[in-house]
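A.B. asks: Data file final-v2.cif (mmCIF, C-alpha atoms and all ligand atoms) is appended below.
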```cif
data_my_file
#
loop_
_atom_site.label_atom_id
_atom_site.label_comp_id
_atom_site.auth_asym_id
_atom_site.auth_seq_id
_atom_site.Cartn_x
_atom_site.Cartn_y
_atom_site.Cartn_z
CA SER A 16 23.94 -21.38 0.44
CA THR A 17 21.84 -18.33 1.37
CA GLN A 18 18.32 -19.08 2.60
CA PRO A 19 15.71 -17.56 0.27
CA VAL A 20 13.53 -14.70 1.44
CA ARG A 21 10.01 -16.10 1.63
CA ILE A 22 7.54 -13.80 -0.11
CA ALA A 23 3.81 -14.56 0.00
CA VAL A 24 1.39 -13.03 -2.52
CA THR A 25 -2.40 -13.38 -2.20
CA GLY A 26 -4.62 -13.08 -5.27
CA ALA A 27 -1.55 -14.23 -7.17
CA ALA A 28 -3.42 -15.10 -10.39
CA GLY A 29 -4.97 -11.62 -10.72
CA GLN A 30 -3.86 -8.61 -12.75
CA ILE A 31 -1.59 -7.04 -10.14
CA GLY A 32 -0.15 -10.45 -9.32
CA TYR A 33 0.75 -10.87 -12.98
CA SER A 34 2.85 -7.69 -12.88
CA LEU A 35 4.22 -8.24 -9.38
CA LEU A 36 5.43 -11.85 -9.35
CA PHE A 37 7.85 -11.57 -12.25
CA ARG A 38 9.53 -8.54 -10.75
CA LEU A 39 9.83 -10.24 -7.35
CA ALA A 40 11.33 -13.32 -8.98
CA SER A 41 13.81 -11.24 -10.99
CA GLY A 42 15.20 -9.72 -7.80
CA GLU A 43 13.84 -6.19 -8.13
CA LEU A 44 12.68 -6.09 -4.52
CA LEU A 45 15.80 -7.10 -2.63
CA GLY A 46 18.53 -7.05 -5.23
CA PRO A 47 20.58 -9.54 -7.24
CA ASP A 48 22.11 -11.37 -4.25
CA THR A 49 18.92 -12.46 -2.52
CA PRO A 50 17.23 -15.71 -3.57
CA VAL A 51 13.45 -15.69 -3.44
CA ALA A 52 10.79 -18.28 -2.59
CA LEU A 53 7.34 -17.30 -3.90
CA GLN A 54 4.36 -18.53 -1.85
CA MET A 55 1.27 -17.88 -3.94
CA LEU A 56 -2.28 -17.94 -2.58
CA GLU A 57 -5.45 -18.08 -4.64
CA VAL A 58 -9.08 -18.99 -4.17
CA THR A 59 -9.73 -22.59 -5.19
CA PRO A 60 -11.36 -21.77 -8.58
CA ALA A 61 -8.30 -19.71 -9.59
CA LEU A 62 -5.71 -22.44 -8.87
CA GLY A 63 -5.75 -23.49 -12.53
CA ALA A 64 -4.92 -19.96 -13.68
CA LEU A 65 -2.25 -19.82 -10.97
CA GLU A 66 -0.72 -22.97 -12.43
CA GLY A 67 -0.37 -21.10 -15.72
CA VAL A 68 1.39 -18.19 -13.99
CA ALA A 69 3.74 -20.66 -12.30
CA MET A 70 4.48 -22.24 -15.69
CA GLU A 71 5.48 -18.82 -17.03
CA LEU A 72 7.65 -18.17 -13.98
CA ASP A 73 9.35 -21.50 -14.68
CA ASP A 74 9.88 -20.45 -18.28
CA CYS A 75 11.71 -17.30 -17.24
CA ALA A 76 14.42 -19.48 -15.62
CA PHE A 77 14.98 -16.76 -13.02
CA PRO A 78 18.31 -17.50 -11.35
CA LEU A 79 17.07 -16.15 -7.99
CA LEU A 80 13.78 -18.07 -7.86
CA THR A 81 14.53 -21.14 -5.76
CA GLU A 82 11.02 -22.30 -4.84
CA MET A 83 7.34 -21.83 -5.64
CA VAL A 84 4.34 -22.72 -3.49
CA ARG A 85 0.82 -22.65 -4.95
CA THR A 86 -2.04 -23.06 -2.52
CA ASP A 87 -5.57 -22.12 -1.51
CA ASP A 88 -4.66 -22.42 2.19
CA ALA A 89 -3.58 -19.12 3.78
CA GLU A 90 -1.56 -20.81 6.52
CA VAL A 91 0.46 -22.66 3.92
CA ALA A 92 0.97 -19.48 1.88
CA PHE A 93 2.09 -17.47 4.93
CA GLY A 94 4.29 -20.24 6.36
CA ASP A 95 7.55 -18.67 7.62
CA ALA A 96 6.91 -15.68 5.35
CA ASP A 97 9.29 -12.74 5.65
CA ILE A 98 7.20 -10.51 3.39
CA VAL A 99 3.50 -10.69 2.49
CA PHE A 100 1.66 -8.82 -0.25
CA PHE A 101 -2.11 -8.95 0.34
CA VAL A 102 -3.32 -8.31 -3.19
CA GLY A 103 -6.48 -10.42 -3.46
CA ALA A 104 -9.62 -8.65 -2.27
CA MET A 105 -13.29 -8.34 -3.12
CA PRO A 106 -13.74 -5.48 -5.56
CA ARG A 107 -16.73 -3.16 -5.34
CA LYS A 108 -19.38 -4.20 -7.83
CA ALA A 109 -22.00 -1.88 -9.31
CA GLY A 110 -24.75 -1.17 -6.81
CA MET A 111 -22.79 -2.56 -3.86
CA GLU A 112 -23.17 -0.68 -0.57
CA ARG A 113 -20.06 0.10 1.42
CA ALA A 114 -21.18 -2.16 4.26
CA ASP A 115 -21.54 -5.08 1.82
CA LEU A 116 -18.05 -4.40 0.48
CA LEU A 117 -16.57 -4.29 3.99
CA GLU A 118 -18.42 -7.45 4.99
CA ALA A 119 -17.18 -9.35 1.93
CA ASN A 120 -13.63 -8.25 2.66
CA GLY A 121 -14.05 -9.15 6.32
CA GLY A 122 -14.59 -12.71 5.14
CA ILE A 123 -11.21 -12.57 3.41
CA PHE A 124 -9.02 -10.45 5.69
CA GLY A 125 -10.30 -11.82 9.02
CA PRO A 126 -9.14 -15.38 8.39
CA GLN A 127 -6.03 -14.18 6.53
CA GLY A 128 -5.02 -11.99 9.49
CA ALA A 129 -5.34 -14.99 11.81
CA ALA A 130 -3.30 -17.13 9.42
CA LEU A 131 -0.66 -14.42 9.18
CA ALA A 132 -0.23 -14.27 12.95
CA LYS A 133 -0.09 -18.04 13.19
CA ALA A 134 2.19 -18.90 10.30
CA ALA A 135 4.38 -15.96 9.23
CA LYS A 136 7.64 -14.87 10.86
CA PRO A 137 6.91 -12.58 13.85
CA ASP A 138 8.85 -9.75 12.19
CA VAL A 139 7.03 -10.14 8.84
CA ASN A 140 6.68 -7.05 6.65
CA ALA A 141 3.09 -7.26 5.40
CA LEU A 142 1.50 -4.86 2.92
CA VAL A 143 -2.21 -4.68 2.11
CA VAL A 144 -2.83 -3.63 -1.51
CA GLY A 145 -6.36 -4.98 -2.04
CA ASN A 146 -9.09 -2.40 -1.53
CA PRO A 147 -10.41 -0.91 0.67
CA ALA A 148 -6.77 -1.30 1.69
CA ASN A 149 -6.64 0.71 4.94
CA THR A 150 -9.69 -0.93 6.42
CA ASN A 151 -8.74 -4.38 5.11
CA ALA A 152 -5.48 -3.94 7.05
CA LEU A 153 -7.49 -2.97 10.14
CA ILE A 154 -9.63 -6.11 9.76
CA ALA A 155 -6.54 -8.31 9.34
CA LEU A 156 -4.97 -6.77 12.47
CA GLY A 157 -8.20 -7.38 14.38
CA SER A 158 -7.74 -11.13 14.05
CA ALA A 159 -3.93 -11.27 13.98
CA GLU A 160 -3.68 -12.44 17.57
CA GLY A 161 -0.24 -11.93 19.08
CA LEU A 162 1.20 -10.16 16.03
CA ASP A 163 2.75 -6.72 16.57
CA PRO A 164 0.35 -4.33 14.75
CA ARG A 165 3.33 -2.48 13.33
CA ARG A 166 4.01 -5.47 11.05
CA VAL A 167 0.92 -4.77 8.87
CA THR A 168 0.74 -1.69 6.64
CA ALA A 169 -1.51 -0.45 3.82
CA MET A 170 -0.51 0.92 0.44
CA THR A 171 -0.78 4.60 -0.43
CA ARG A 172 2.50 4.53 -2.35
CA LEU A 173 0.77 4.57 -5.74
CA ASP A 174 -1.00 7.78 -4.71
CA HIS A 175 2.36 9.12 -3.48
CA ASN A 176 4.04 8.30 -6.79
CA ARG A 177 1.14 9.80 -8.75
CA ALA A 178 1.36 12.96 -6.65
CA LYS A 179 5.07 13.28 -7.47
CA ALA A 180 4.54 12.71 -11.18
CA GLN A 181 1.72 15.28 -11.43
CA LEU A 182 3.74 17.85 -9.51
CA ALA A 183 6.86 17.26 -11.63
CA ALA A 184 4.79 17.77 -14.80
CA ARG A 185 3.33 21.03 -13.50
CA LEU A 186 6.71 22.46 -12.47
CA GLY A 187 8.70 21.15 -15.42
CA VAL A 188 11.09 19.26 -13.14
CA THR A 189 11.74 15.52 -12.71
CA VAL A 190 10.51 13.35 -9.87
CA ASN A 191 14.13 13.28 -8.64
CA ASP A 192 13.83 16.95 -7.71
CA ILE A 193 10.90 16.24 -5.37
CA THR A 194 11.23 15.13 -1.75
CA LYS A 195 9.01 14.85 1.32
CA MET A 196 5.78 14.08 -0.52
CA THR A 197 2.99 12.96 1.81
CA ILE A 198 -0.36 11.30 1.20
CA TRP A 199 -2.45 11.67 4.36
CA GLY A 200 -5.42 9.48 5.28
CA ASN A 201 -7.34 6.90 3.33
CA HIS A 202 -6.50 5.33 -0.05
CA SER A 203 -9.72 6.79 -1.46
CA THR A 204 -10.87 10.04 -3.00
CA THR A 205 -10.60 11.74 0.44
CA GLN A 206 -6.82 11.25 0.48
CA TYR A 207 -4.80 14.44 0.88
CA PRO A 208 -1.59 14.87 -1.15
CA ASP A 209 0.33 17.52 0.83
CA LEU A 210 2.38 20.09 -1.11
CA VAL A 211 2.94 22.28 1.96
CA HIS A 212 5.62 19.99 3.39
CA CYS A 213 6.71 18.61 0.04
CA GLU A 214 9.94 20.13 -1.25
CA VAL A 215 11.21 20.96 -4.72
CA GLY A 216 14.85 21.92 -4.72
CA GLY A 217 14.61 22.51 -0.96
CA ARG A 218 11.62 24.90 -1.19
CA SER A 219 7.95 24.23 -0.34
CA ALA A 220 6.17 22.80 -3.38
CA PHE A 221 3.04 24.74 -2.40
CA ASP A 222 4.98 27.99 -2.80
CA ALA A 223 6.77 26.76 -5.91
CA VAL A 224 3.40 26.14 -7.58
CA GLY A 225 2.12 29.46 -6.25
CA ASP A 226 -1.52 28.79 -7.17
CA GLU A 227 -3.73 27.61 -4.32
CA ALA A 228 -6.80 27.29 -6.53
CA TRP A 229 -4.97 24.95 -8.91
CA ILE A 230 -3.79 22.83 -5.99
CA ALA A 231 -7.27 22.63 -4.46
CA ASP A 232 -9.36 22.25 -7.61
CA THR A 233 -7.08 20.49 -10.09
CA TYR A 234 -4.05 18.89 -8.48
CA ILE A 235 -5.64 17.15 -5.49
CA PRO A 236 -8.62 15.71 -7.45
CA THR A 237 -6.36 14.64 -10.34
CA VAL A 238 -4.18 12.62 -7.97
CA ALA A 239 -7.16 11.21 -6.07
CA LYS A 240 -9.06 10.19 -9.23
CA ARG A 241 -6.13 8.96 -11.30
CA GLY A 242 -7.18 5.32 -10.95
CA ALA A 243 -10.56 6.05 -12.56
CA ALA A 244 -8.85 8.04 -15.37
CA ILE A 245 -6.66 5.03 -16.16
CA ILE A 246 -9.61 2.66 -16.25
CA GLU A 247 -11.33 5.10 -18.61
CA ALA A 248 -8.30 5.34 -20.92
CA ARG A 249 -7.10 1.75 -20.82
CA GLY A 250 -10.30 -0.16 -20.29
CA ALA A 251 -8.59 -1.95 -17.41
CA SER A 252 -7.30 -0.90 -14.01
CA SER A 253 -3.82 0.30 -13.20
CA ALA A 254 -2.23 -3.04 -12.37
CA ALA A 255 1.38 -2.41 -13.44
CA SER A 256 1.75 0.86 -11.56
CA ALA A 257 0.04 -0.68 -8.51
CA ALA A 258 2.53 -3.57 -8.56
CA ASN A 259 5.38 -1.08 -8.97
CA ALA A 260 4.18 0.92 -5.97
CA ALA A 261 3.89 -2.25 -3.88
CA ILE A 262 7.53 -3.02 -4.63
CA ASP A 263 8.55 0.57 -3.80
CA HIS A 264 6.67 0.39 -0.48
CA VAL A 265 8.18 -2.87 0.74
CA ARG A 266 11.68 -2.14 -0.62
CA ASP A 267 11.84 1.19 1.20
CA TRP A 268 10.38 -0.33 4.37
CA VAL A 269 12.99 -3.10 4.40
CA LYS A 270 15.97 -1.09 3.11
CA GLY A 271 15.23 2.29 4.70
CA THR A 272 14.37 5.78 3.49
CA PRO A 273 17.18 8.14 2.46
CA GLU A 274 18.35 10.88 4.83
CA GLY A 275 16.24 14.01 4.36
CA ASP A 276 13.30 12.29 2.71
CA TRP A 277 10.29 10.21 3.69
CA VAL A 278 7.56 8.06 2.11
CA SER A 279 3.79 7.67 2.54
CA MET A 280 2.61 4.50 4.28
CA GLY A 281 -0.69 3.42 5.75
CA VAL A 282 0.20 2.54 9.35
CA VAL A 283 -1.58 2.13 12.67
CA SER A 284 -2.10 5.61 14.09
CA ASP A 285 -0.70 6.48 17.51
CA GLY A 286 -2.88 9.61 17.53
CA SER A 287 -0.30 11.74 15.70
CA TYR A 288 -1.69 14.81 13.91
CA GLY A 289 -5.13 14.23 15.42
CA VAL A 290 -5.74 10.99 13.52
CA PRO A 291 -7.57 8.75 16.01
CA GLU A 292 -5.40 6.07 17.57
CA GLY A 293 -5.81 2.61 16.07
CA LEU A 294 -6.94 3.66 12.59
CA VAL A 295 -4.76 2.51 9.69
CA SER A 296 -4.05 5.85 8.04
CA SER A 297 -1.42 7.17 5.66
CA PHE A 298 1.30 9.33 7.21
CA PRO A 299 4.75 10.60 6.28
CA CYS A 300 7.05 7.83 7.49
CA THR A 301 10.76 7.20 7.70
CA THR A 302 11.98 3.63 7.79
CA ARG A 303 15.05 1.80 9.01
CA ASP A 304 15.92 -1.88 9.42
CA GLY A 305 12.38 -2.97 8.57
CA GLU A 306 10.77 -0.59 11.10
CA TRP A 307 8.75 2.57 10.38
CA GLU A 308 8.28 5.81 12.31
CA ILE A 309 5.71 8.55 11.71
CA VAL A 310 7.53 11.83 11.01
CA GLN A 311 6.83 14.12 13.97
CA GLY A 312 6.65 17.86 14.47
CA LEU A 313 5.16 19.05 11.16
CA ASP A 314 3.02 22.20 11.43
CA ILE A 315 -0.43 21.63 9.99
CA ASP A 316 -1.81 24.81 8.41
CA ASP A 317 -5.38 25.87 7.68
CA PHE A 318 -5.27 24.45 4.16
CA SER A 319 -4.21 20.98 5.32
CA ARG A 320 -6.13 20.63 8.61
CA PRO A 321 -9.67 20.10 7.26
CA ARG A 322 -8.39 17.78 4.53
CA ILE A 323 -6.49 15.54 6.96
CA ASP A 324 -9.50 15.55 9.29
CA ALA A 325 -11.97 14.64 6.52
CA SER A 326 -9.98 11.59 5.47
CA ALA A 327 -9.52 10.51 9.11
CA GLU A 328 -13.29 10.85 9.59
CA GLU A 329 -13.91 8.58 6.63
CA LEU A 330 -11.54 5.99 8.10
CA ALA A 331 -13.27 6.25 11.49
CA SER A 332 -16.61 5.66 9.84
CA GLU A 333 -15.28 2.59 7.98
CA ARG A 334 -13.94 1.31 11.32
CA ASP A 335 -17.36 1.89 12.92
CA THR A 336 -19.07 -0.08 10.14
CA VAL A 337 -16.60 -2.93 10.51
CA ARG A 338 -17.20 -2.92 14.28
CA GLU A 339 -20.98 -3.00 13.82
CA LEU A 340 -20.54 -5.97 11.49
CA GLY A 341 -18.52 -7.69 14.25
CA LEU A 342 -15.45 -7.94 12.02
CA ILE A 343 -13.12 -6.37 14.59
P1 LIG B 401 -6.35 -6.88 -9.33
O1 LIG B 401 -5.15 -7.74 -9.20
O2 LIG B 401 -6.42 -5.92 -10.44
O3 LIG B 401 -6.60 -6.07 -7.99
C1 LIG B 401 -6.49 -6.67 -6.72
C2 LIG B 401 -6.79 -5.66 -5.65
O4 LIG B 401 -5.92 -4.55 -5.74
C3 LIG B 401 -8.21 -5.11 -5.73
O5 LIG B 401 -8.73 -5.00 -4.43
C4 LIG B 401 -8.02 -3.76 -6.31
O6 LIG B 401 -8.93 -2.80 -5.81
C5 LIG B 401 -6.66 -3.37 -5.84
N1 LIG B 401 -6.11 -2.44 -6.80
C6 LIG B 401 -6.23 -2.51 -8.15
N2 LIG B 401 -5.61 -1.49 -8.73
C7 LIG B 401 -5.12 -0.76 -7.73
C8 LIG B 401 -4.40 0.43 -7.71
N3 LIG B 401 -4.09 1.06 -8.84
N4 LIG B 401 -4.02 0.93 -6.53
C9 LIG B 401 -4.33 0.30 -5.40
N5 LIG B 401 -5.02 -0.83 -5.38
C10 LIG B 401 -5.42 -1.36 -6.53
O7 LIG B 401 -7.67 -7.73 -9.32
P2 LIG B 401 -7.98 -9.09 -10.06
O8 LIG B 401 -9.45 -9.25 -9.97
O9 LIG B 401 -7.29 -9.20 -11.37
O10 LIG B 401 -7.28 -10.15 -9.14
C11 LIG B 401 -7.67 -10.42 -7.85
C12 LIG B 401 -7.30 -11.84 -7.59
O11 LIG B 401 -7.46 -12.05 -6.20
C13 LIG B 401 -8.20 -12.85 -8.31
O12 LIG B 401 -7.37 -13.76 -8.96
C14 LIG B 401 -8.99 -13.50 -7.17
O13 LIG B 401 -9.22 -14.88 -7.41
C15 LIG B 401 -8.03 -13.31 -6.05
N6 LIG B 401 -8.54 -13.37 -4.72
C16 LIG B 401 -7.80 -14.17 -3.90
C17 LIG B 401 -8.10 -14.31 -2.60
C18 LIG B 401 -7.24 -15.20 -1.82
O14 LIG B 401 -6.07 -15.36 -2.16
N7 LIG B 401 -7.72 -15.79 -0.77
C19 LIG B 401 -9.27 -13.62 -2.00
C20 LIG B 401 -9.96 -12.76 -2.94
C21 LIG B 401 -9.59 -12.63 -4.24
P3 LIG B 401 -10.05 -2.14 -6.76
O15 LIG B 401 -11.08 -3.20 -6.93
O16 LIG B 401 -10.53 -0.96 -5.97
O17 LIG B 401 -9.38 -1.78 -8.05
#
```
Could you express the structure from this file as structure tokens?

C.D. replies:
Amino acid sequence: STQPVRIAVTGAAGQIGYSLLFRLASGELLGPDTPVALQMLEVTPALGALEGVAMELDDCAFPLLTEMVRTDDAEVAFGDADIVFFVGAMPRKAGMERADLLEANGGIFGPQGAALAKAAKPDVNALVVGNPANTNALIALGSAEGLDPRRVTAMTRLDHNRAKAQLAARLGVTVNDITKMTIWGNHSTTQYPDLVHCEVGGRSAFDAVGDEAWIADTYIPTVAKRGAAIIEARGASSAASAANAAIDHVRDWVKGTPEGDWVSMGVVSDGSYGVPEGLVSSFPCTTRDGEWEIVQGLDIDDFSRPRIDASAEELASERDTVRELGLI
């Protein structure tokens, strides 16, 4: 019989976990021929809630779900993992300074990075969803001794999908007509959704929109602040679309991007496009056989340059804070 793909999920009893786990177990990530073992991590107080989630997974009688692990020990959760979703993180609370937020997450992602390097498969595909995702990935990499830094990525795919949906609505087309979308930089309000290189029916989306002021003053902020708009409308954060984007990210990373298109992924910078080496920043990436490459050779115009630089500067300042705190 086929060995199951071992998929670890941290923060498994949270809101995103509740949307994500059922789709993983139903085979939406790797298709109907791949059995799945779910390795679910929670903090000790949430193990009871996690038991309830596991009971519901049982009750779905998913044909592909061959095994479930429930634990509060990261090394157990990451044991032989092929794929890891880092969902659990410390959310920003009212009045919290950024340094406090980064320190709290250092306490989570430092030990989890070490456990990942120790216990997961060396060619693991790991995605950080929990915020601040880019810098949490940087912290995890800082303690992931011996692990190839290319194995850990951060999620900007929800921003990417939002950027496509907003553009499609503006142009009266479908998301299928849009290719080469890029989110540059940090998963934060400084992110830059790039319509210059994005294509609609083979033509630059920037030109197809034909209204620079709308792009600068409406489109970019709408994409960047969509999460807050959903909290406002729903009274709860965007967990289902975040889980969907996490599946999109890992599926495309493992299965490869189509010819003539690319996706946005937070990856360790090699200095491309002036983004300082070592930062975990979002770039246009192509993927193949579980590996990613930053798309090279794009011309960066005067509209894009300061926006890419501003988000890179924010990431550099988060890295500096994390360094000062001794987390990397
Ligand atoms: P969610 O499942 O809603 O969110 C988890 C993380 O994802 C948060 O950092 C959140 O950031 C981020 N996130 C939420 N929405 C989006 C989005 N639309 N796009 C990108 N990122 C998003 O949080 P819950 O509080 O429901 O669940 C968290 C769970 O994690 C809890 O059960 C907690 O016990 C657990 N946890 C587990 C740990 C562990 O396994 N060791 C460690 C820490 C927590 P933001 O706050 O910015 O929305």

A.B. asks: Determine the nearest neighbour of ligand LIG 401 (chain B) from the options A:Leu45, A:Ala243, A:Val167, A:Val337, counting all atoms listed in the file.

C.D. replies: A:Ala243

A.B. asks: Which chain A residues have any atom within 6 Å of an atom of ligand LIG 401 (chain B), and for each, what is the nearest pair of atoms with distance in Å to one decimal, counting only C-alpha atoms and all ligand atoms, rows sorted by chain and number, as a Markdown table?

C.D. replies:
```
| residue | atom | partner | partner_atom | distance |
| --- | --- | --- | --- | --- |
| A:Thr25 | CA | B:LIG401 | O14 | 4.2 |
| A:Gly26 | CA | B:LIG401 | O11 | 3.2 |
| A:Ala28 | CA | B:LIG401 | O12 | 4.4 |
| A:Gly29 | CA | B:LIG401 | O10 | 3.2 |
| A:Gln30 | CA | B:LIG401 | O9 | 3.7 |
| A:Ile31 | CA | B:LIG401 | O1 | 3.7 |
| A:Gly32 | CA | B:LIG401 | O1 | 5.7 |
| A:Leu56 | CA | B:LIG401 | O14 | 4.6 |
| A:Glu57 | CA | B:LIG401 | O14 | 3.7 |
| A:Val58 | CA | B:LIG401 | C18 | 4.8 |
| A:Ala61 | CA | B:LIG401 | O13 | 5.4 |
| A:Val102 | CA | B:LIG401 | C2 | 5.0 |
| A:Gly103 | CA | B:LIG401 | O11 | 3.3 |
| A:Ala104 | CA | B:LIG401 | C20 | 4.2 |
| A:Met105 | CA | B:LIG401 | C20 | 5.5 |
| A:Pro106 | CA | B:LIG401 | O15 | 3.8 |
| A:Arg107 | CA | B:LIG401 | O15 | 5.9 |
| A:Ile123 | CA | B:LIG401 | C19 | 5.8 |
| A:Val144 | CA | B:LIG401 | N5 | 5.3 |
| A:Gly145 | CA | B:LIG401 | O5 | 3.4 |
| A:Asn146 | CA | B:LIG401 | O5 | 3.9 |
| A:Gly242 | CA | B:LIG401 | N3 | 5.7 |
| A:Ser252 | CA | B:LIG401 | N2 | 5.6 |
| A:Ser253 | CA | B:LIG401 | N3 | 4.4 |
| A:Ala254 | CA | B:LIG401 | N2 | 5.2 |
| A:Ala257 | CA | B:LIG401 | N3 | 4.5 |
```

A.B. asks: Save the residues we just selected, C-alpha atoms, as a PDB file, in the frame of the given file?

C.D. replies:
```
ATOM      1  CA  THR A  25      -2.400 -13.380  -2.200  1.00  0.00           C
ATOM      2  CA  GLY A  26      -4.620 -13.080  -5.270  1.00  0.00           C
ATOM      3  CA  ALA A  28      -3.420 -15.100 -10.390  1.00  0.00           C
ATOM      4  CA  GLY A  29      -4.970 -11.620 -10.720  1.00  0.00           C
ATOM      5  CA  GLN A  30      -3.860  -8.610 -12.750  1.00  0.00           C
ATOM      6  CA  ILE A  31      -1.590  -7.040 -10.140  1.00  0.00           C
ATOM      7  CA  GLY A  32      -0.150 -10.450  -9.320  1.00  0.00           C
ATOM      8  CA  LEU A  56      -2.280 -17.940  -2.580  1.00  0.00           C
ATOM      9  CA  GLU A  57      -5.450 -18.080  -4.640  1.00  0.00           C
ATOM     10  CA  VAL A  58      -9.080 -18.990  -4.170  1.00  0.00           C
ATOM     11  CA  ALA A  61      -8.300 -19.710  -9.590  1.00  0.00           C
ATOM     12  CA  VAL A 102      -3.320  -8.310  -3.190  1.00  0.00           C
ATOM     13  CA  GLY A 103      -6.480 -10.420  -3.460  1.00  0.00           C
ATOM     14  CA  ALA A 104      -9.620  -8.650  -2.270  1.00  0.00           C
ATOM     15  CA  MET A 105     -13.290  -8.340  -3.120  1.00  0.00           C
ATOM     16  CA  PRO A 106     -13.740  -5.480  -5.560  1.00  0.00           C
ATOM     17  CA  ARG A 107     -16.730  -3.160  -5.340  1.00  0.00           C
ATOM     18  CA  ILE A 123     -11.210 -12.570   3.410  1.00  0.00           C
ATOM     19  CA  VAL A 144      -2.830  -3.630  -1.510  1.00  0.00           C
ATOM     20  CA  GLY A 145      -6.360  -4.980  -2.040  1.00  0.00           C
ATOM     21  CA  ASN A 146      -9.090  -2.400  -1.530  1.00  0.00           C
ATOM     22  CA  GLY A 242      -7.180   5.320 -10.950  1.00  0.00           C
ATOM     23  CA  SER A 252      -7.300  -0.900 -14.010  1.00  0.00           C
ATOM     24  CA  SER A 253      -3.820   0.300 -13.200  1.00  0.00           C
ATOM     25  CA  ALA A 254      -2.230  -3.040 -12.370  1.00  0.00           C
ATOM     26  CA  ALA A 257       0.040  -0.680  -8.510  1.00  0.00           C
TER      27      ALA A 257
END
```

A.B. asks: For Val91 of chain A, which residue among A:Val51, A:Ala40, A:Val24, A:Leu117 is the nearest when counting all atoms listed in the file?

C.D. replies: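 Once distances to Val91 of chain A are computed over all atoms listed in the file, the minimum belongs to A:Val24.
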
A.B. asks: Name the closest residue to Gly42 of chain A among the candidates A:Arg266, A:Thr59, A:Gly187, A:Trp199; distances are taken between atoms, counting all atoms listed in the file.

C.D. replies: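 Using all atoms listed in the file, the shortest distance to Gly42 of chain A belongs to A:Arg266.
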
A.B. asks: Taking 4 positions as the minimum chain separation for residues in the same chain, which residues sit within 12 Å of Arg320 of chain A when counting all atoms listed in the file? Answer as a ChimeraX atom specification.

C.D. replies: /A:199-200,207,209,211,288-290,313-316,324-327

A.B. asks: Select all residues near (14.5, 18.8, -6.2) (cut-off 7 Å, inclusive, file coordinates), counting only C-alpha atoms, and output them as a ChimeraX atom specification.

C.D. replies: /A:191-194,214-217

A.B. asks: Can you tell me which residues surround Gln18 of chain A at a distance of at most 12 Å, considering all atoms listed in the file, apart from same-chain residues fewer than 3 positions away, and format the answer as a ChimeraX atom specification?

C.D. replies: /A:21,48-52,79-82,95,97

A.B. asks: Which is closer to Ile323 of chain A than all the others in A:Thr233, A:Asn259, A:Asn201, A:Gln311, using only C-alpha atoms?

C.D. replies: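 Selected residue with least distance to Ile323 of chain A: A:Asn201.
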
A.B. asks: Grab the atom CA of Ser34 of chain A to atom CA of Ala92 of chain A distance for me, in Å with one decimal place.

C.D. replies: 19.0 Å

A.B. asks: Pick from A:Ala132, A:Val188, A:Leu173, A:Ala183: nearest to Leu156 of chain A, with all atoms listed in the file counted?

C.D. replies: A:Ala132

A.B. asks: Rank A:Gly341, A:Pro321, A:Gly281, A:Pro208 by their smallest atom-to-atom distance to Ala148 of chain A, using all atoms listed in the file, and report the top residue only.

C.D. replies: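 Closest candidate: A:Gly281.
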
A.B. asks: Could you check how far atom CA of Trp268 of chain A sits from atom CA of Leu36 of chain A, in Å to one decimal?

C.D. replies: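 Between atom CA of Trp268 of chain A and atom CA of Leu36 of chain A the gap is 18.6 Å.
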
A.B. asks: Name the residues within 9 Å of (0.2, 14.9, -1.2), counting all atoms listed in the file in the file's coordinates, and put them as a ChimeraX atom specification.

C.D. replies: /A:174-175,178-179,196-199,206-213,235,238,279

A.B. asks: Mind pulling up the distance from atom CA of Phe100 of chain A to atom CA of Leu62 of chain A?

C.D. replies: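 A separation of 17.7 Å between them.
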
A.B. asks: For segment 299-302 of chain A, list every protein, DNA or RNA residue within 6 Å, evaluated using all atoms listed in the file, and leave out those in the same chain fewer than 2 positions away; present the list as a PyMOL selection string.

C.D. replies: chain A and resi 197+268+271-272+277-279+306-310
